[in-house]
Amino acid sequence: MSALPQGSSVAARAKERQRLRAVDRTRLLDSADEERFDRLTRLAQRSFGVLTAVISLIGEDRQFLKSFVGPLPRNVAREFSVCDTALRTEGGLVVPDLRSDVRFRDNPFVVGPPFLRFYAGVPLRGPGGWFVGSMCILDTEPRSLEHEDHTLLRCLAQEAELELNDVA
């Protein structure tokens with residue numbers, strides 16, 4: 001099962017295959033917890049005062065949470081992954097209120113536990129410069145992200161990228 005729509009172009013499907021190979025080259029899908037990633041998610045959670053912080057990898061049909069603090073399952077179907085949308089946005093994605101955004105208002109993690117409302121994520125580059133996942137923060141209350149906060153999130157994402165590419 002591919003996350004690309006049935007009518008996607010040959011070029012788009014080829015790019016997705018290359019991106020998935022980059023995810024595989026990290027050798028981190030389904031890997032055990034690692035302190036070098038966990039300290040970044042703990043730092044993000046505490047720095048932003050949010051319920052959840054995540055370093056995710058986006059595979060073919062699922063999102064794997066390499067590191068996370070908060071009430072989310074380690075694996076999420078890609079179709080329900082807000083991080084998958086962030087993966088396609090070069091500068092990152094900020095959604096002040098997930099319930100008010102047509103792309104996410106029916107997401108099971110928005111309408112059901114943990115009832116997420118806020119999302120901010122920065123895509124992570126892996127081997128070959130391909131986006132392989134994201135560093136994100138989530139909360140159960142709507143909120144905004146000031147410029148300085150977005151800069152801090154990008155800095156944490158850069159540290160996560162260094163760790164991702166250290167194993168690749």
# chains A, B, ... in the order shown; residues from 1 in each chain; ligands from 1
call {"tool": "residues_around", "arguments": {"residues": "A:Gln63", "least_positions_apart": "3", "cutoff": "12 Å", "atoms": "only C-alpha atoms", "output": "VMD selection string"}}
result
chain A and resid 3 20 23 28 to 30 54 to 60 66 to 67 72 to 85 87 132 to 134
call {"tool": "residues_around", "arguments": {"residues": "A:Val94", "least_positions_apart": "5", "cutoff": "10 Å", "atoms": "only C-alpha atoms", "output": "ChimeraX atom specification"}}
result
/A:86,118-122,136-138,143-145,150
call {"tool": "atom_distance", "arguments": {"atom1": "atom CA of A:Phe64", "atom2": "atom CA of A:Leu51"}}
result
18.4 Å
call {"tool": "atom_distance", "arguments": {"atom1": "atom CA of A:Leu65", "atom2": "atom CA of A:Glu34"}}
result
11.7 Å
call {"tool": "closest_residue", "arguments": {"among": "A:Thr151, A:Gly126, A:Arg19, A:Phe131", "to": "A:Asp166", "atoms": "only C-alpha atoms"}}
result
A:Gly126
call {"tool": "select_by_dssp", "arguments": {"residues": "stretch 107-152 of chain A", "states": "strand (DSSP E or B)", "output": "list in words"}}
result
Phe118, Tyr119, Ala120, Gly121, Val122, Pro123, Leu124, Arg125, Phe131, Val132, Gly133, Ser134, Met135, Cys136, Ile137, Leu138 and Asp139 of chain A
call {"tool": "write_last_selection", "arguments": {"atoms": "N, CA and C atoms", "output": "compact mmCIF listing (two decimals), in the first residue's frame"}}
result
# COMPACT_ATOMS: atom_id res chain seq x y z
N PHE A 118 -3.28 20.87 19.00
CA PHE A 118 -2.17 21.66 18.46
C PHE A 118 -1.11 20.75 17.88
N TYR A 119 -0.54 21.18 16.75
CA TYR A 119 0.57 20.44 16.13
C TYR A 119 1.56 21.43 15.55
N ALA A 120 2.84 21.17 15.77
CA ALA A 120 3.92 21.89 15.08
C ALA A 120 5.00 20.87 14.79
N GLY A 121 5.41 20.79 13.53
CA GLY A 121 6.42 19.81 13.15
C GLY A 121 7.35 20.33 12.07
N VAL A 122 8.56 19.81 12.11
CA VAL A 122 9.60 20.16 11.14
C VAL A 122 10.06 18.86 10.49
N PRO A 123 10.07 18.80 9.15
CA PRO A 123 10.53 17.57 8.50
C PRO A 123 12.02 17.32 8.75
N LEU A 124 12.36 16.05 8.82
CA LEU A 124 13.75 15.64 9.05
C LEU A 124 14.33 15.03 7.79
N ARG A 125 15.51 15.50 7.43
CA ARG A 125 16.20 14.95 6.26
C ARG A 125 17.09 13.78 6.69
N PHE A 131 13.39 13.69 2.87
CA PHE A 131 12.62 13.80 4.10
C PHE A 131 12.18 12.41 4.53
N VAL A 132 12.58 12.02 5.74
CA VAL A 132 12.28 10.67 6.22
C VAL A 132 11.31 10.66 7.40
N GLY A 133 11.13 11.80 8.03
CA GLY A 133 10.27 11.86 9.21
C GLY A 133 10.13 13.29 9.68
N SER A 134 9.79 13.43 10.96
CA SER A 134 9.63 14.78 11.50
C SER A 134 9.93 14.81 12.99
N MET A 135 10.23 16.01 13.44
CA MET A 135 10.32 16.33 14.87
C MET A 135 9.12 17.21 15.13
N CYS A 136 8.27 16.79 16.07
CA CYS A 136 7.06 17.58 16.28
C CYS A 136 6.66 17.65 17.75
N ILE A 137 5.82 18.63 18.01
CA ILE A 137 5.23 18.81 19.34
C ILE A 137 3.72 18.86 19.15
N LEU A 138 2.99 18.31 20.12
CA LEU A 138 1.54 18.27 20.07
C LEU A 138 0.97 18.56 21.46
N ASP A 139 -0.25 19.10 21.47
CA ASP A 139 -0.88 19.37 22.75
C ASP A 139 -2.40 19.22 22.62
call {"tool": "closest_residue", "arguments": {"among": "A:Arg27, A:Arg117, A:Ala44, A:Ala11", "to": "A:Ala160", "atoms": "only C-alpha atoms"}}
result
A:Ala44
call {"tool": "closest_residue", "arguments": {"among": "A:Ala22, A:Val95, A:Val69, A:Leu162", "to": "A:Leu43", "atoms": "only C-alpha atoms"}}
result
A:Val69
call {"tool": "select_by_dssp", "arguments": {"residues": "stretch 37-96 of chain A", "states": "helix (DSSP H, G or I)", "output": "list in words"}}
result
Phe37, Asp38, Arg39, Leu40, Thr41, Arg42, Leu43, Ala44, Gln45, Arg46, Ser47, Phe48, Arg78, Glu79, Phe80, Val82, Cys83, Asp84, Thr85, Ala86 and Leu87 of chain A
call {"tool": "write_last_selection", "arguments": {"atoms": "N, CA, C and O atoms", "output": "CSV table (one decimal), in the first residue's frame"}}
result
chain,number,residue,atom,x,y,z
A,37,PHE,N,18.0,10.0,21.0
A,37,PHE,CA,16.8,10.5,20.5
A,37,PHE,C,15.8,10.9,21.6
A,37,PHE,O,15.1,11.9,21.6
A,38,ASP,N,15.7,10.1,22.7
A,38,ASP,CA,14.8,10.3,23.8
A,38,ASP,C,15.1,11.7,24.5
A,38,ASP,O,14.2,12.4,24.9
A,39,ARG,N,16.4,12.0,24.6
A,39,ARG,CA,16.7,13.3,25.3
A,39,ARG,C,16.2,14.5,24.5
A,39,ARG,O,15.8,15.5,25.0
A,40,LEU,N,16.2,14.4,23.1
A,40,LEU,CA,15.6,15.4,22.3
A,40,LEU,C,14.1,15.6,22.5
A,40,LEU,O,13.6,16.7,22.5
A,41,THR,N,13.4,14.5,22.6
A,41,THR,CA,11.9,14.6,22.7
A,41,THR,C,11.6,15.1,24.1
A,41,THR,O,10.7,15.9,24.3
A,42,ARG,N,12.4,14.6,25.1
A,42,ARG,CA,12.2,15.2,26.5
A,42,ARG,C,12.4,16.7,26.6
A,42,ARG,O,11.7,17.4,27.2
A,43,LEU,N,13.5,17.1,25.9
A,43,LEU,CA,13.9,18.5,25.9
A,43,LEU,C,12.8,19.3,25.2
A,43,LEU,O,12.4,20.4,25.7
A,44,ALA,N,12.2,18.8,24.1
A,44,ALA,CA,11.2,19.5,23.4
A,44,ALA,C,9.9,19.6,24.2
A,44,ALA,O,9.3,20.7,24.3
A,45,GLN,N,9.5,18.5,24.8
A,45,GLN,CA,8.3,18.5,25.7
A,45,GLN,C,8.4,19.5,26.8
A,45,GLN,O,7.5,20.3,27.0
A,46,ARG,N,9.6,19.5,27.5
A,46,ARG,CA,9.7,20.4,28.6
A,46,ARG,C,9.9,21.9,28.1
A,46,ARG,O,9.3,22.8,28.7
A,47,SER,N,10.6,22.1,27.0
A,47,SER,CA,10.8,23.5,26.5
A,47,SER,C,9.5,24.1,26.1
A,47,SER,O,9.4,25.3,26.3
A,48,PHE,N,8.7,23.4,25.5
A,48,PHE,CA,7.4,24.0,25.0
A,48,PHE,C,6.2,23.8,25.9
A,48,PHE,O,5.2,24.3,25.7
A,78,ARG,N,-0.3,5.5,8.4
A,78,ARG,CA,0.2,6.7,7.7
A,78,ARG,C,-1.0,7.7,7.4
A,78,ARG,O,-0.9,8.9,7.4
A,79,GLU,N,-2.1,7.1,7.1
A,79,GLU,CA,-3.3,7.9,6.7
A,79,GLU,C,-3.8,8.8,7.9
A,79,GLU,O,-4.4,9.8,7.7
A,80,PHE,N,-3.4,8.5,9.1
A,80,PHE,CA,-3.8,9.3,10.3
A,80,PHE,C,-2.6,10.1,10.8
A,80,PHE,O,-2.7,10.7,11.9
A,82,VAL,N,-0.4,13.2,11.1
A,82,VAL,CA,-0.2,14.6,10.8
A,82,VAL,C,1.2,14.8,10.4
A,82,VAL,O,1.5,15.7,9.5
A,83,CYS,N,2.2,14.1,10.9
A,83,CYS,CA,3.6,14.2,10.5
A,83,CYS,C,3.8,13.9,9.0
A,83,CYS,O,4.7,14.5,8.4
A,84,ASP,N,3.0,13.1,8.4
A,84,ASP,CA,3.1,12.8,7.0
A,84,ASP,C,2.9,14.1,6.2
A,84,ASP,O,3.5,14.3,5.2
A,85,THR,N,1.9,14.9,6.7
A,85,THR,CA,1.7,16.2,6.0
A,85,THR,C,2.9,17.1,6.2
A,85,THR,O,3.3,17.8,5.3
A,86,ALA,N,3.4,17.2,7.4
A,86,ALA,CA,4.6,18.0,7.7
A,86,ALA,C,5.8,17.6,6.8
A,86,ALA,O,6.6,18.4,6.4
A,87,LEU,N,5.9,16.3,6.5
A,87,LEU,CA,6.9,15.8,5.6
A,87,LEU,C,7.0,16.4,4.3
A,87,LEU,O,8.0,16.6,3.6
call {"tool": "closest_residue", "arguments": {"among": "A:Ser100, A:Glu148, A:Pro71, A:Pro127", "to": "A:Pro114", "atoms": "only C-alpha atoms"}}
result
A:Pro71
call {"tool": "atom_distance", "arguments": {"atom1": "atom CA of A:Leu98", "atom2": "atom CA of A:Pro142"}}
result
7.9 Å
call {"tool": "decode", "arguments": {"residues": "stretch 140-166 of chain A", "atoms": "N, CA and C atoms", "output": "compact mmCIF listing (two decimals), in the first residue's frame"}}
result
# COMPACT_ATOMS: atom_id res chain seq x y z
N THR A 140 -3.07 19.19 23.75
CA THR A 140 -4.52 19.02 23.79
C THR A 140 -5.25 20.36 23.85
N GLU A 141 -4.53 21.45 23.81
CA GLU A 141 -5.11 22.79 23.78
C GLU A 141 -4.63 23.51 22.53
N PRO A 142 -5.50 24.30 21.89
CA PRO A 142 -5.03 25.11 20.75
C PRO A 142 -3.96 26.09 21.23
N ARG A 143 -3.02 26.38 20.40
CA ARG A 143 -1.97 27.33 20.74
C ARG A 143 -1.30 27.84 19.48
N SER A 144 -0.50 28.85 19.65
CA SER A 144 0.27 29.37 18.52
C SER A 144 1.74 29.07 18.77
N LEU A 145 2.55 29.34 17.78
CA LEU A 145 3.98 29.12 17.90
C LEU A 145 4.67 30.41 17.48
N GLU A 146 5.31 31.05 18.43
CA GLU A 146 6.02 32.30 18.15
C GLU A 146 7.25 32.00 17.30
N HIS A 147 7.77 33.04 16.66
CA HIS A 147 8.94 32.88 15.79
C HIS A 147 10.11 32.24 16.53
N GLU A 148 10.37 32.69 17.75
CA GLU A 148 11.50 32.13 18.53
C GLU A 148 11.27 30.65 18.82
N ASP A 149 9.99 30.29 19.07
CA ASP A 149 9.68 28.89 19.34
C ASP A 149 9.88 28.04 18.09
N HIS A 150 9.50 28.57 16.95
CA HIS A 150 9.69 27.83 15.70
C HIS A 150 11.19 27.64 15.44
N THR A 151 11.97 28.67 15.76
CA THR A 151 13.43 28.56 15.61
C THR A 151 13.98 27.47 16.52
N LEU A 152 13.50 27.41 17.76
CA LEU A 152 13.94 26.37 18.70
C LEU A 152 13.55 24.98 18.19
N LEU A 153 12.34 24.84 17.68
CA LEU A 153 11.91 23.54 17.15
C LEU A 153 12.79 23.13 15.97
N ARG A 154 13.12 24.07 15.09
CA ARG A 154 14.02 23.77 13.97
C ARG A 154 15.41 23.35 14.47
N CYS A 155 15.90 24.00 15.53
CA CYS A 155 17.22 23.63 16.10
C CYS A 155 17.18 22.21 16.65
N LEU A 156 16.11 21.85 17.35
CA LEU A 156 15.98 20.49 17.86
C LEU A 156 15.89 19.49 16.70
N ALA A 157 15.18 19.88 15.64
CA ALA A 157 15.08 19.01 14.47
C ALA A 157 16.45 18.81 13.82
N GLN A 158 17.26 19.85 13.78
CA GLN A 158 18.62 19.71 13.22
C GLN A 158 19.44 18.72 14.04
N GLU A 159 19.29 18.76 15.35
CA GLU A 159 19.99 17.79 16.20
C GLU A 159 19.50 16.38 15.93
N ALA A 160 18.19 16.23 15.75
CA ALA A 160 17.63 14.92 15.43
C ALA A 160 18.16 14.43 14.08
N GLU A 161 18.27 15.33 13.11
CA GLU A 161 18.84 14.96 11.81
C GLU A 161 20.27 14.47 11.93
N LEU A 162 21.05 15.11 12.76
CA LEU A 162 22.44 14.67 12.97
C LEU A 162 22.45 13.24 13.49
N GLU A 163 21.56 12.94 14.43
CA GLU A 163 21.49 11.59 14.98
C GLU A 163 20.98 10.59 13.94
N LEU A 164 19.96 10.98 13.15
CA LEU A 164 19.45 10.10 12.11
C LEU A 164 20.52 9.74 11.10
N ASN A 165 21.29 10.74 10.71
CA ASN A 165 22.29 10.53 9.66
C ASN A 165 23.58 9.92 10.21
N ASP A 166 23.73 9.90 11.52
CA ASP A 166 24.91 9.28 12.13
C ASP A 166 24.87 7.76 11.96
